[in-house]
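Encoded as structure tokens, the structure appears first; notes follow it.
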Amino acid sequence: MNFNEESQMMAMEEMLGEDQDQDQAHAEKLKRTLRAQRRRREQPLLEAVGPAVLLAEEEAEKDRAGMAALAAAARAPRSLPPVPSTSRTSFAEFSVRERMREKLKAARSKAENALLQEGPRPRHLKSLKQRESETRWDKESEDESRHMQEDESQMSSRVKFRDSVKKLKQKSHVQTDFPSAEEAYNFFTFNFDPEPENIKDETKSKKKSESNQEEEEGEEQESIVSHQQEQTEDGMDEEDCLVNDREDLFIIDQMARDFLVVKPADYKSYSEQLQKEREILFTPSILTVPMSQKVPENMQPRYLEDEGLYTGERPIVSLSNQNILENRILRQEQGKRWFGDDGKLLALPSPIKQSSTRPPIFSLEEGIEPELETLYKKAMKPMHANQYIVGSGDSQGQFQLDIDISGLIFTHHPCFSREHVLAAKLAQLYDQYLARRQQNLTKLLTDKLHALRNAVQSSLDNSGTNVPNPVAQQSVTEYKFVIRQTRRLRDAEQEKDRTLLKTIIKVWKEMKSLRDFQKFTNTPMKLYLRKEEVDQRSDKKIYEAEIQAEINELLEEYMEEYEKKMEEYKTELQEWKSWKKAQKTKKKKKIKQSQDQEEEEAEESEYGEEPVKPIPPKLADRLEVEQQVREKAINIRRKPGEPALIPELSLTGSVTPNDLCPRAEVLRREDVKKRSVFLKVLFNTKEVSRTVTRQISSDFRVHFGQIFNLKIFNWPESLKLQIYETMGLSNTNLLAEMFIPVPETTVLTGRARTEEIEFSSNQRVMLDHEGVGSGVPFSFEADGSNKITLMTSGKVSNSVSWAIGENGVPLIPLVSQQKTGIPSALKNIDAVASIGTSGLTDMKKLAKWAAETKLDPNDPKNADLMQLIMVATSGDACVPGFFRLEQLQQEFNFASDEELNRSKRFQLLQLRHREVAEFRNYKQVPLLEREITEKLFENYEKRLRERDVIDSKDHLDAHRALVAKYLQKVRESVINRFLTAKHHFLLSDLVNEEEVPSLGNLGLSLFKLAEPKRPLKPRRKERKKVTAQNLSDGDINLLVNIIRAYDIPVRKPVLSKLQQPSRSSRSFNEMFAASPSPQSPTHSIDWAFNQVLVHPFVEVSFQRTVCRTTTAEGPNPNWNEELELLFRAPNGDYSTTSLQSVKDEVFINIFDEVLYDVLEDDRERGSGTHTRVERHWLGCVRIPFSTIYFQTRIDGTFKIDIPPVLLGYSKEKNLGNERGYDSVRSLSEGSYITLFITIEPQLIPGDPVREKFDTQEDEKLLQAAEKYQAECALKFPSRQCLTTVVDINGKTVFITRYIKPLNPPQDLLSGHPNNSQATAELVARYVSLIPFLPDSVSFAGICDLWSTSDQFLDLLAGDEEEHAVLLCNYFLAMGKKAWLIIGNAIPEGTTAYVLTWEQNQYVIWNPSSGRCYGQFDTFCPLQSVGCLISFDNIWFNIQQYDSPVRINFDISKPKLWKSFFSQSLPYPGLSSVQPEELIYQHIDKAAALELQGRIEKILKEKIMEWRPRHLTRWNRYCTSTLRHFLPLLEQFQGKAVEDDHQAELQKQLGDYRVSGFPIHMPFSEVKPLIEAVHSTGVHTIDVSNAEFALAVYVHAYPKNVLSVWIYIASLVRNR
Amino acid sequence: MAAAAAPTVFLLMVNGQIESAQFPEFDELYCKYCFVYGHDWAPTTGLEEGISQITSKNRDAQQALVWNFPIDITFKSTNPSGWPQIVVSVYGPDLFGNDVVRGYGAVHVPFTPGSHRRTIPMFVPESTSKLQKITSWLMGRHPEFTDPKVVAQGEGREVITVRSQGFVTISFNVVTKDMKKLGYDVSPSDMQNPSVVSLTDGIHNH
């Protein structure tokens, strides 16, 4: 509704609300007067209807209709000077009533003026709202006569309107200060309509007046209807007209006109603009459209569904939207055609499938990656999947059909001359003759006949001598029967031969005469008749004998026949005689009754049925028979003595040259020359190849001799040859098509026979030269009689066979597949599936086929097909019964999917796009297919293959192999997750934005201003970081600064007498003693002086580059050297992700350089030094590159990994020199090296993944955790604080859930029942024996996965966290107080350790090495402590220092440790993710032994392999000794056995110089063991008489945890 | 020559210049450009990146900032996917003399050989909040893309808001080699006088 009107209505309502009665009375009065006026006015108007004024009128009318008197003011501006609209603006100020009155006055006067000028008023134009008002009115006056005229449909529509209006009406009763538009509107209808509740008195009078008026108006309308404009909806006119009547009730309109004052127009008011807009704009109603408006008139809605027809489910559209749409459509022209019979909008059934095409993946086990989870799938036979595509994906690959098209011969061609026709005939006959001669049936049958005759003869002879044998008799008769048959056959054949020969000769004669007649020859054909002279006499004899034999046989036959007939005759005669006798007796009786013989006869004749007297059969006359036989013989057989004629067709005749021929013939020949022929090979109706175009030779033979190799994927359904003839240059026409049978699978190339397939064409060709044409009758006779008509025809000789592959395997599809495809292209195939095949793309053919095969249209299997056919044959544009999203996809596919898959280039691009590791940053994919080598995919394919294959060779242990595969999969899934996460961006990834400075920061920066410019203690300036992208090979160096080492083992003098164990083994207890006890100086004094120095040097190897320092001296060398190693990223890719995944390790090996005198002869000693330098491995430190990368620098003192026993070396305290340092030194047990490693230039480490993992934790808890972490990070940004971690399923888990007492293996506990310390050490050792697999290398900073202890033990692999958690849980189970420490250690970086409280001091355990350290141990690798974690809380270190030596571990002090759960956030009692109990398998000693043997064998082989130029001798004696030591080493965990067994070795081996050591490793795979052995370089000794000893010991712990000891030693015999 | 007979890569030679810019509000601007291209592309000669001189506004009504900064680069490629784009970022001092980014923009190097002019609308990332905006103005540290190459890719753009700011006009002269031989026909059917066509294209009005 227009705002203008609205406001007016509002005003009206207000006014009327105040004093209704008064105003209504007033209004009523006005109405009456106006009505009278109007009636008066209407008469002249009707007469003066002028179309010119119509439009203006309509507008005016609309206004008037919408609003009573006030509306006139609004209308005025268009036809009349506008009414000042100022009053409207000052709405609120005036009393509404006053204003109303004023307006009424004005309007009335204006209307009066207007009436004089205005033309007629068509009343039928209405706005929707108006109509509504009127319909409502209808309700009130239902009884009125007017309704009778109305259409039924309109009635129903009105009912609906009425309802809606009623609703509105109810609303309007609520009086508000500013009623809504609807209310205002409603008010009018409400108030002015005769409403019984309100103004009962008035209604009555009104009704009367109305009914009068309506009658008048009814007439009036009819005249006006013709001027209706199309602005309103179709079909509404009538109603509108009716509605108009009511409008007259608003007599205020007329009132306004009476008071109207004319004023000049000066500007276009806003309201007017709105009005204008209203004409253009339209707000569809949300009310339901009555049914009557939607169905055609006089129609009842028809519900197909009720009639039992399937209509399909309509798509769901909300009712209001549907209503809006319907209303909108109805406003349009011909809106009704959008509605169906049922009055609903036309709609296709909902295209949305009931079931989703992509079914959701339901995880069977909660939380397992869908791709890791195993699904049971029943084995099923591949059904029709490969029906049309023959193993395209299979490795068996392609199949090949060889089609050999050797040539083409026309048996008739339009260009044939008459002679050609005869020649062709002759050739044909000759071919026939040849074929017959080859078969030689006559000869065959003749021979047979002879044989049979002989057989009969012999059997007759036999029977003649002996007693007649019934069996022989039987066979003789059978023989005779066969003889007869054979003879008949032979005769037929002979006759055929004879006639054939005759026709050949006849045709040849015809040809000759033709040649004579036309005086030229066209064909080189010549027929020779070779006479084969025969020996006349013998020939005659044979002939005679044959005839005689035949005569005899015939006679015999006739005799037999005769006999048979005679027999018959006799019986018949007998019958006849008896009958006769009977007659005679009768007669005699009759004679007795005096009757004559003649009478009798007559009587007899009277009987009629007198049997004829049988005629006795005639005996065959021999002469007659002979005559017969001879006649026949002359006809069909060569006369005796007549030479045998053998026709020979040759092409040796000469063809008359062109210049001797008549013109017509020359023309013909030229025409032939112009013509050429080619063949197309169609495979499954697709042209696959075609032959070369060959000219037709003058003898109408075309030789192709081409072999086509069809590599096929699709089933050979049809194989077709099409013969095309081209005339001249352009004119190509299809001569004929012929189908070639698809060969049997047994038909292979080389064995296939060439077959001739005939073809013919029904084309009619008439030529204007000698050529006889095709399909045209012609005659050989001069008079044109005896016409013959020939069609173009010919023969193609070809052969089709299956090819044989290179390896001799025939390229034939499997027989099972063949069954579905071959027998008949269509019968056995699923109808729908074959639609796609090329053979059936033609819909018409399909339909025909369907009709032919009598497909059951009601078979649900065929439903789709029938529908398809129906659609296709109806000729309509294809309207498939399904909804397809990309219906044009097919057309836009520029290559088939298989083709794409076959393309290596495309594959490469796809793989790169998928960011498959091998191709992630592959540069410059070659443009051409041929440039892509297969090698490129080798790695990738190998990986794919191996994913499912468990390679037990590398693993020795099936379980570990499985675990490795599992880990591989976890890794892949995590990497994939990371890759997807990489594509999620945050603002901070893209935009650098300054943080809003906090107050603190501001203060700080202000403070910075006051800082001294050159401070006394300058801060380290951060190096500039380099973004990885613009780096290339050679830009990055790894700097390794080797500073010094402590306590390097020293050489032991070989010849010195046995040293007593210098110190008792350091036990666990000793370590915890309150103060370290000073070492008792039990050494012999001379030790210090006797000592052989050690010459250690350090070799750093990284990525196969090796650098070494100079050689230093003594057990505490000081090198202070910087080594520079080049770093190369994999594939030259320096992106962060690539760098993160670098798995290389930096090996820092410490060697002792030993000089040996190689002089054999003491006498030469003066003249020169001859020494050999040997290096002995002492120990190593390994630092993974990833650690360096993430830490940016590594600085500190590291424990050197030194084997527990180093033969020839001992680690002694150098008490002599450094006694004062002793107390500190004694704390350390190993050797140490101080290093500084960094990367130059500094690289920016990759960001950790931000992906938010799904979780089952309480949201509150997570928020608290986040807050806690943020607070901690604010205070101490460098300290580690962990609250939540990611479990192996990729879910976020609160960290304390991992801590729970778990039982260690019982075997370990019972090992040292009394010694809890020993037990603890054993447990720690057990944990450390579980192989170490850092996540950070494989998942490279992506995320850290925490597996639970049972998963950890099952996988037998994990990193520090898993080890620490397991150890902590064990300690808790053993009743210790234990915590998890999250902190930084060297060299691991961020790591987890375990803290226990023992004997009043804190002990720090390194779970991955199993070692323990006191809190104040300076050599503890743990450098800083971030937080402590127990099963119920997390404490963050808020002390000033974080080094374990300097902090207090008392977590009860809130000033030092900030706890996560506190009074404000109490511990909610989180359940643990750990299992209730760990279950351990028993130790499998047998398996361990077996493994031990295998490892030893492998290692020995490897060592021999590494020494290709030397003989590797194994010292068995030494080996067995070493083997004895190993269990001891395991028992004492590598401690304190050194001296004992060195002594023992010495004792046993006497004068061997032994150098060697045991290597101890947890067992995971063989490869690391080999690496470890190799890295020691024991095999590098090149002394010729060196011997080796190698022993392996595998100690099994519960749960398949294995500890491997490898003792390797080299022995050199001392001279 | 065998190589000429069967090419395995095609070459794209681009030269031209970053001609001028329209930044009505700013002055004393300089620009940087770099090329962003796909995996299968490699620059063979020429500079991939460059930084121009600082230019001041013209005094005339147009107030164009002219650099006439030449571009000359040749790519070789095996795949038209990842066709090179030039990324231009414009910087200049703000009120307090801090160097501030004034616009980022990118456009593909034209496919068709010939002379082309391109006018790139430029934009800058917006501050995330009003407060940020004020502080960034005060501090002279407006938000910038971590990597200007972001504007050449579609990924991750959903997280940023930008404001448009000025135009940069670049002219390209494109020469391709062997593209047609390798089956990529890029020349338009009516390529009679490409320079005329592109000149009319290049006229910008604002």
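Letters A, B, ... mark the chains of the structure tokens in the order given; residue numbers begin at 1 per chain; ligand numbers begin at 1, in order shown.
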
Counting only C-alpha atoms, a student should be able to say which residues of chain A come within 9 Å of chain B; what is the right answer, written as JSON, numbers by chain?
{"A": [921, 922, 923, 924, 925, 926, 927, 928, 931, 983, 984, 985, 986, 987, 988, 989, 990, 991, 992, 993, 994, 995, 996, 997]}

Residues near Val186 (chain B), cut-off 10 Å, only C-alpha atoms, skip fewer than 6 positions along chain, as a list in words:
Pro110, Phe111, Thr112, Pro113, Thr176, Met179 and Lys180 of chain B

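Picture a line from CA of Ser320 (chain A) to CA of Gln273 (chain A); it runs 29.5 Å.
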
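As for CA of Tyr1046 (chain A) and CA of Phe1198 (chain A), they are spaced 10.0 Å apart.
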
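Within 9 Å of region 105-107 of chain B there are Pro84, Gln85, Ile86, Val87, Val88, Ser89, Val90, Arg118, Thr119, Ile120, Pro121, Met122, Phe123, Val124, Pro148, Lys149, Val151, Ala152, Phe167 and Val168 of chain B, counting only C-alpha atoms and ignoring same-chain residues fewer than 5 positions away.
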
Give me, as a PyMOL selection string, the residues of region 11-148 of chain B that a backbone DSSP run labels strand (DSSP E).
chain B and resi 11-22+30-36+41-46+49-51+65-77+85-93+99-108+114-125+144-145

Print the selection's residues with C-alpha atoms to a file, as a CSV table (one decimal), in the first residue's frame.
chain,number,residue,atom,x,y,z
B,11,LEU,CA,59.2,-19.4,-25.1
B,12,LEU,CA,57.4,-16.3,-23.9
B,13,MET,CA,59.3,-13.0,-24.2
B,14,VAL,CA,57.9,-10.1,-22.4
B,15,ASN,CA,59.2,-6.6,-22.5
B,16,GLY,CA,57.5,-3.5,-21.7
B,17,GLN,CA,57.3,-1.1,-18.9
B,18,ILE,CA,55.5,-0.1,-15.9
B,19,GLU,CA,54.5,3.2,-17.3
B,20,SER,CA,52.6,5.2,-14.8
B,21,ALA,CA,50.3,5.2,-11.9
B,22,GLN,CA,47.3,7.1,-10.7
B,30,TYR,CA,58.1,3.8,-6.1
B,31,CYS,CA,57.1,0.4,-7.2
B,32,LYS,CA,58.4,-3.1,-7.1
B,33,TYR,CA,57.4,-5.8,-9.4
B,34,CYS,CA,58.0,-9.5,-9.5
B,35,PHE,CA,56.7,-12.3,-11.6
B,36,VAL,CA,54.7,-15.2,-10.3
B,41,TRP,CA,57.8,-22.2,-16.1
B,42,ALA,CA,61.3,-21.0,-15.8
B,43,PRO,CA,62.7,-17.7,-16.6
B,44,THR,CA,65.6,-17.9,-19.0
B,45,THR,CA,66.8,-14.4,-19.1
B,46,GLY,CA,65.9,-11.1,-17.7
B,49,GLU,CA,62.1,-8.7,-9.8
B,50,GLY,CA,62.8,-5.1,-9.9
B,51,ILE,CA,62.4,-1.9,-7.9
B,65,LEU,CA,53.1,9.2,-11.5
B,66,VAL,CA,55.4,8.1,-14.2
B,67,TRP,CA,58.0,5.5,-13.8
B,68,ASN,CA,58.6,4.1,-17.2
B,69,PHE,CA,60.3,1.3,-15.6
B,70,PRO,CA,61.3,-1.3,-18.1
B,71,ILE,CA,60.5,-5.0,-17.8
B,72,ASP,CA,62.4,-7.5,-19.9
B,73,ILE,CA,62.1,-11.1,-19.3
B,74,THR,CA,61.9,-14.4,-21.2
B,75,PHE,CA,60.3,-17.5,-19.9
B,76,LYS,CA,60.3,-20.9,-21.2
B,77,SER,CA,57.6,-23.3,-20.3
B,85,GLN,CA,51.6,-12.9,-13.7
B,86,ILE,CA,53.3,-9.7,-12.9
B,87,VAL,CA,52.8,-8.5,-9.4
B,88,VAL,CA,53.2,-4.9,-8.8
B,89,SER,CA,53.4,-3.3,-5.3
B,90,VAL,CA,53.6,0.4,-4.9
B,91,TYR,CA,55.2,2.1,-1.8
B,92,GLY,CA,55.6,5.6,-0.7
B,93,PRO,CA,56.1,7.7,2.3
B,99,ASP,CA,57.5,4.0,4.0
B,100,VAL,CA,54.1,2.6,3.6
B,101,VAL,CA,52.5,0.3,1.0
B,102,ARG,CA,50.2,2.1,-1.3
B,103,GLY,CA,48.9,-0.7,-3.4
B,104,TYR,CA,49.2,-4.3,-4.6
B,105,GLY,CA,48.0,-5.5,-7.9
B,106,ALA,CA,48.6,-8.3,-10.3
B,107,VAL,CA,47.8,-9.1,-13.9
B,108,HIS,CA,48.6,-11.9,-16.2
B,114,GLY,CA,51.7,-8.1,-29.7
B,115,SER,CA,51.6,-4.9,-27.9
B,116,HIS,CA,49.2,-4.6,-24.9
B,117,ARG,CA,48.4,-2.1,-22.3
B,118,ARG,CA,47.0,-3.1,-19.0
B,119,THR,CA,45.7,-0.9,-16.2
B,120,ILE,CA,45.7,-2.7,-12.9
B,121,PRO,CA,43.5,-1.5,-10.1
B,122,MET,CA,45.5,-1.6,-6.9
B,123,PHE,CA,44.5,-2.4,-3.4
B,124,VAL,CA,45.9,-2.6,0.1
B,125,PRO,CA,45.0,-4.8,3.0
B,144,GLU,CA,51.2,-5.4,4.4
B,145,PHE,CA,51.1,-8.7,2.8

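Taking only C-alpha atoms into account, Ile54 (chain B) lies nearest to B:Asp27 out of the set B:Asp178, B:Asp27, B:Asp185, B:Asp94.
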
note - CA of Ile932 (chain A) and CA of Val688 (chain A) are separated by 27.4 Å

As a list in words, list the residues of region 9-160 of chain B assigned to alpha helix (DSSP H) by DSSP on the backbone atoms of this structure.
Lys130, Leu131, Gln132, Lys133, Ile134, Thr135, Ser136, Trp137, Leu138 and Met139 of chain B

All residues 7 Å or closer to region 298-311 of chain A, only C-alpha atoms, same chain fewer than 2 positions away omitted, as a VMD selection string:
chain A and resid 295 to 296 313 341 to 343

Can you write out the residues you just picked, keeping N, CA, C and O atoms, as a tab-separated table (two decimals), in the first residue's frame?
chain	number	residue	atom	x	y	z
A	295	VAL	N	-6.71	-22.71	-12.06
A	295	VAL	CA	-7.14	-23.65	-13.09
A	295	VAL	C	-7.96	-22.89	-14.12
A	295	VAL	O	-8.54	-21.85	-13.82
A	296	PRO	N	-7.99	-23.38	-15.33
A	296	PRO	CA	-8.80	-22.72	-16.35
A	296	PRO	C	-10.27	-22.64	-15.90
A	296	PRO	O	-10.72	-23.46	-15.09
A	313	GLU	N	7.51	-37.07	-6.56
A	313	GLU	CA	7.51	-36.18	-5.40
A	313	GLU	C	8.00	-34.81	-5.82
A	313	GLU	O	9.04	-34.69	-6.47
A	341	ASP	N	-2.98	-29.23	-14.11
A	341	ASP	CA	-4.38	-29.55	-13.95
A	341	ASP	C	-4.79	-29.51	-12.48
A	341	ASP	O	-5.94	-29.25	-12.15
A	342	ASP	N	-3.83	-29.81	-11.63
A	342	ASP	CA	-4.18	-29.86	-10.22
A	342	ASP	C	-4.04	-28.51	-9.55
A	342	ASP	O	-4.09	-28.41	-8.32
A	343	GLY	N	-3.88	-27.50	-10.33
A	343	GLY	CA	-3.81	-26.17	-9.75
A	343	GLY	C	-2.49	-25.87	-9.08
A	343	GLY	O	-2.33	-24.85	-8.43

Excluding Leu500 (chain A) and residues on its chain fewer than 5 positions from it, collect all residues at most 10 Å away from it, counting only C-alpha atoms, and give them as a PDB file with N, CA, C and O atoms, in the first residue's frame.
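Generated output (selection00.pdb):
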ATOM      1  N   LEU A 429      32.480 -70.193 -63.386  1.00  0.00           N
ATOM      2  CA  LEU A 429      32.272 -71.596 -63.712  1.00  0.00           C
ATOM      3  C   LEU A 429      33.561 -72.379 -63.557  1.00  0.00           C
ATOM      4  O   LEU A 429      33.577 -73.493 -63.042  1.00  0.00           O
ATOM      5  N   TYR A 430      34.604 -71.744 -63.998  1.00  0.00           N
ATOM      6  CA  TYR A 430      35.879 -72.426 -63.916  1.00  0.00           C
ATOM      7  C   TYR A 430      36.258 -72.665 -62.468  1.00  0.00           C
ATOM      8  O   TYR A 430      36.757 -73.728 -62.110  1.00  0.00           O
ATOM      9  N   GLN A 432      34.239 -73.030 -60.123  1.00  0.00           N
ATOM     10  CA  GLN A 432      33.383 -74.116 -59.685  1.00  0.00           C
ATOM     11  C   GLN A 432      33.991 -75.445 -60.123  1.00  0.00           C
ATOM     12  O   GLN A 432      34.072 -76.385 -59.345  1.00  0.00           O
ATOM     13  N   TYR A 433      34.409 -75.421 -61.336  1.00  0.00           N
ATOM     14  CA  TYR A 433      34.980 -76.647 -61.897  1.00  0.00           C
ATOM     15  C   TYR A 433      36.199 -77.061 -61.095  1.00  0.00           C
ATOM     16  O   TYR A 433      36.353 -78.215 -60.724  1.00  0.00           O
ATOM     17  N   ARG A 436      35.233 -78.410 -57.848  1.00  0.00           N
ATOM     18  CA  ARG A 436      34.688 -79.758 -57.975  1.00  0.00           C
ATOM     19  C   ARG A 436      35.796 -80.763 -58.221  1.00  0.00           C
ATOM     20  O   ARG A 436      35.781 -81.867 -57.706  1.00  0.00           O
ATOM     21  N   GLN A 494      28.289 -87.110 -61.593  1.00  0.00           N
ATOM     22  CA  GLN A 494      28.842 -87.214 -62.949  1.00  0.00           C
ATOM     23  C   GLN A 494      28.079 -86.320 -63.902  1.00  0.00           C
ATOM     24  O   GLN A 494      28.652 -85.597 -64.707  1.00  0.00           O
ATOM     25  N   GLU A 495      26.784 -86.315 -63.681  1.00  0.00           N
ATOM     26  CA  GLU A 495      25.961 -85.495 -64.551  1.00  0.00           C
ATOM     27  C   GLU A 495      26.301 -84.025 -64.381  1.00  0.00           C
ATOM     28  O   GLU A 495      26.467 -83.271 -65.328  1.00  0.00           O
ATOM     29  N   ILE A 505      32.145 -74.735 -71.759  1.00  0.00           N
ATOM     30  CA  ILE A 505      32.459 -74.688 -73.185  1.00  0.00           C
ATOM     31  C   ILE A 505      31.499 -73.761 -73.906  1.00  0.00           C
ATOM     32  O   ILE A 505      31.890 -72.964 -74.765  1.00  0.00           O
ATOM     33  N   LYS A 506      30.269 -73.818 -73.450  1.00  0.00           N
ATOM     34  CA  LYS A 506      29.273 -72.990 -74.109  1.00  0.00           C
ATOM     35  C   LYS A 506      29.593 -71.504 -73.901  1.00  0.00           C
ATOM     36  O   LYS A 506      29.588 -70.705 -74.841  1.00  0.00           O
TER      37      LYS A 506
END
